[in-house]
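K.L.:
I'd like to ask some things about the structure below.
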Amino acid sequence: MVNGCPVADKGDRFATPPWSVESPQWQAIDERLPADHLARQIADAVDRLDLSPLWQSYLGAGKKALPPDLLLKAVLYEMHRKRPSPAQWAKDARESEPLRWLLFGLEPSRAHWYDFRDRLAPFWDGWNAQVLRQAVEAGMTAGTRAALDSSSVAANASRRKLLNEERLEQRRRVIDERLDSLRRGEPMAGRPPGWPAESEAGLREQKQRYAHAAEVMGQRLAANARRRSDKRKPADQVRVSPADPEAAPARDKEGVFRPLYTV
């Protein structure tokens with residue numbers, strides 16, 4: 001049994017990371033990480049959790065999945081560093097040494113990180129209960145009181161790239177048109193700077209991301225329509241970030257209107 005998953009089953013259903021503890025790349029980073037580094041603390045904490053329900057949530061059909069215990073360690077590390085966006089996780093998986101150490105060289109795509117974030121949703125309460133139980137057993141707390149608190153952190157998305165429904169649908173049409181052109185083998189015409197993607201793979205990822213943004217937009221428009229008339233925004237002022245659809249546009253502590261996450 002490896003962290004809630006039988007060893008044989010793990011080999012059949014999950015991909016092997018590029019590095020192991022004996023890989024020179026991993027060892028080089030390991031030598032540079034201080035003994036009390038946050039990445040080490042998180043790796044140790046996750047290793048003490050029962051992740052059986054998470055492992056079992058993978059059906060084992062089709063392409064092998066990435067090891068969820070490594071991805072969970074990376075997500076917790078990023079959240080502790082106030083980087084709650086899957087887009088940030090994808091970037092840091094390539095550029096952050098502690099994250100590369102935790103992931104053993106894996107570099108999941110942005111879309112993969114979004115899917116994994118959604119997969120984690122049902123498991124947080126159970127893991128919190130495990131952590132609390134361990135703390136009580138260790139005499140660190142009596143567990144008789146609880147408090148709720150939250151804070152807002154800036155999302156990875158730019159406040160200048162928030163789209164209303166009309167502009168969002170315009171961009172979705174452009175993506176579909178360019179995908180059709182690529183399928184027909186037609187050359188790409190001139191494009192506005194910064195978007196859309198030039199490759200078919202990039203366009204497909206954008207299509208998936210914009211579809212999710214459209215889903216979030218629909219939810220926000222419906223919620224806005226349910227408000228009292230004096231609290232309701234004009235529909236064209238309801239906006240979403242295609243880069244981070246879940247980030248809610250609001251004013252931060254400095255009064256800047258931008259996409260925010262509540263953590």
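Letters A, B, ... go to the chains of the structure tokens in the order shown; residues in each chain start at 1; ligands are counted from 1 in the same order.
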Quick one: everything within 6 Å of region 110-113 of chain A, counting only C-alpha atoms, minus sequence neighbours fewer than 3 positions away in the same chain. Send it as a list of chain:residue names.
P.N.:
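Near neighbours after the sequence-gap exclusion: A:Pro86, A:Ala87, A:Ala90, A:Phe116.
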K.L.:
Okay, now the selection with N, CA and C atoms, as a PDB file, in the first residue's frame?
P.N.:
```pdb
ATOM      1  N   PRO A  86      -4.989  27.748 -10.765  1.00  0.00           N
ATOM      2  CA  PRO A  86      -4.377  26.668 -11.548  1.00  0.00           C
ATOM      3  C   PRO A  86      -3.440  27.178 -12.638  1.00  0.00           C
ATOM      4  N   ALA A  87      -3.708  28.362 -13.169  1.00  0.00           N
ATOM      5  CA  ALA A  87      -2.794  28.933 -14.158  1.00  0.00           C
ATOM      6  C   ALA A  87      -1.427  29.205 -13.531  1.00  0.00           C
ATOM      7  N   ALA A  90       0.454  25.838 -13.054  1.00  0.00           N
ATOM      8  CA  ALA A  90       1.074  25.335 -14.283  1.00  0.00           C
ATOM      9  C   ALA A  90       2.405  26.033 -14.541  1.00  0.00           C
ATOM     10  N   PHE A 116      -7.914  18.905 -11.825  1.00  0.00           N
ATOM     11  CA  PHE A 116      -7.536  18.352 -10.530  1.00  0.00           C
ATOM     12  C   PHE A 116      -8.128  19.181  -9.396  1.00  0.00           C
TER      13      PHE A 116
END
```
K.L.:
Residues at most 8 Å from region 69-71 of chain A, counting only C-alpha atoms, excluding those fewer than 5 positions away in the same chain, as a list in words?
P.N.:
Asn3, Val46, Leu51, Leu102, Leu103, Phe104 and Phe116 of chain A
K.L.:
Where does DSSP see helix (DSSP H, G or I) in region 21-255 of chain A, if you list the residues as an MDAnalysis selection string?
P.N.:
chainID A and resid 24:32 38:47 52:56 68:80 86:95 97:103 110:137 159:161 165:183 200:225 235:237
K.L.:
Need to verify the contact set: Lys207 (chain A), 8 Å, only C-alpha atoms, exclusion of same-chain residues closer than 2 positions in sequence. Can you return it as an MDAnalysis selection string?
P.N.:
chainID A and resid 172 175:176 203:205 209:211
K.L.:
For those residues, write C-alpha atoms to a file as a PDB file, in the first residue's frame.
P.N.:
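Saved to selection13.pdb:
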```pdb
ATOM      1  CA  ARG A 172     -15.424  31.936 -28.603  1.00  0.00           C
ATOM      2  CA  ILE A 175     -11.500  30.427 -31.599  1.00  0.00           C
ATOM      3  CA  ASP A 176     -13.961  28.154 -33.432  1.00  0.00           C
ATOM      4  CA  LEU A 203      -6.632  26.807 -29.460  1.00  0.00           C
ATOM      5  CA  ARG A 204      -8.222  23.660 -28.072  1.00  0.00           C
ATOM      6  CA  GLU A 205      -7.069  24.580 -24.573  1.00  0.00           C
ATOM      7  CA  ARG A 209     -11.142  27.485 -20.909  1.00  0.00           C
ATOM      8  CA  TYR A 210     -13.601  29.847 -22.624  1.00  0.00           C
ATOM      9  CA  ALA A 211     -16.352  27.209 -22.411  1.00  0.00           C
TER      10      ALA A 211
END
```
K.L.:
Do you have the CA of Glu107 (chain A)-CA of His212 (chain A) distance handy?
P.N.:
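Between CA of Glu107 (chain A) and CA of His212 (chain A) the gap works out to 22.1 Å.
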K.L.:
From the options A:Ala15, A:Ala39, A:Gly218, A:Ala201, which residue's atoms come nearest to Arg81 (chain A), counting only C-alpha atoms?
P.N.:
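Answer, going by the shortest atom-to-atom distance: A:Ala39.
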K.L.:
Of the candidates A:Pro242, A:Pro84, A:Pro53, A:Pro68, which shows the shortest atom-to-atom distance to Arg167 (chain A), using only C-alpha atoms?
P.N.:
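For Arg167 (chain A), the nearest of the given residues is A:Pro242.
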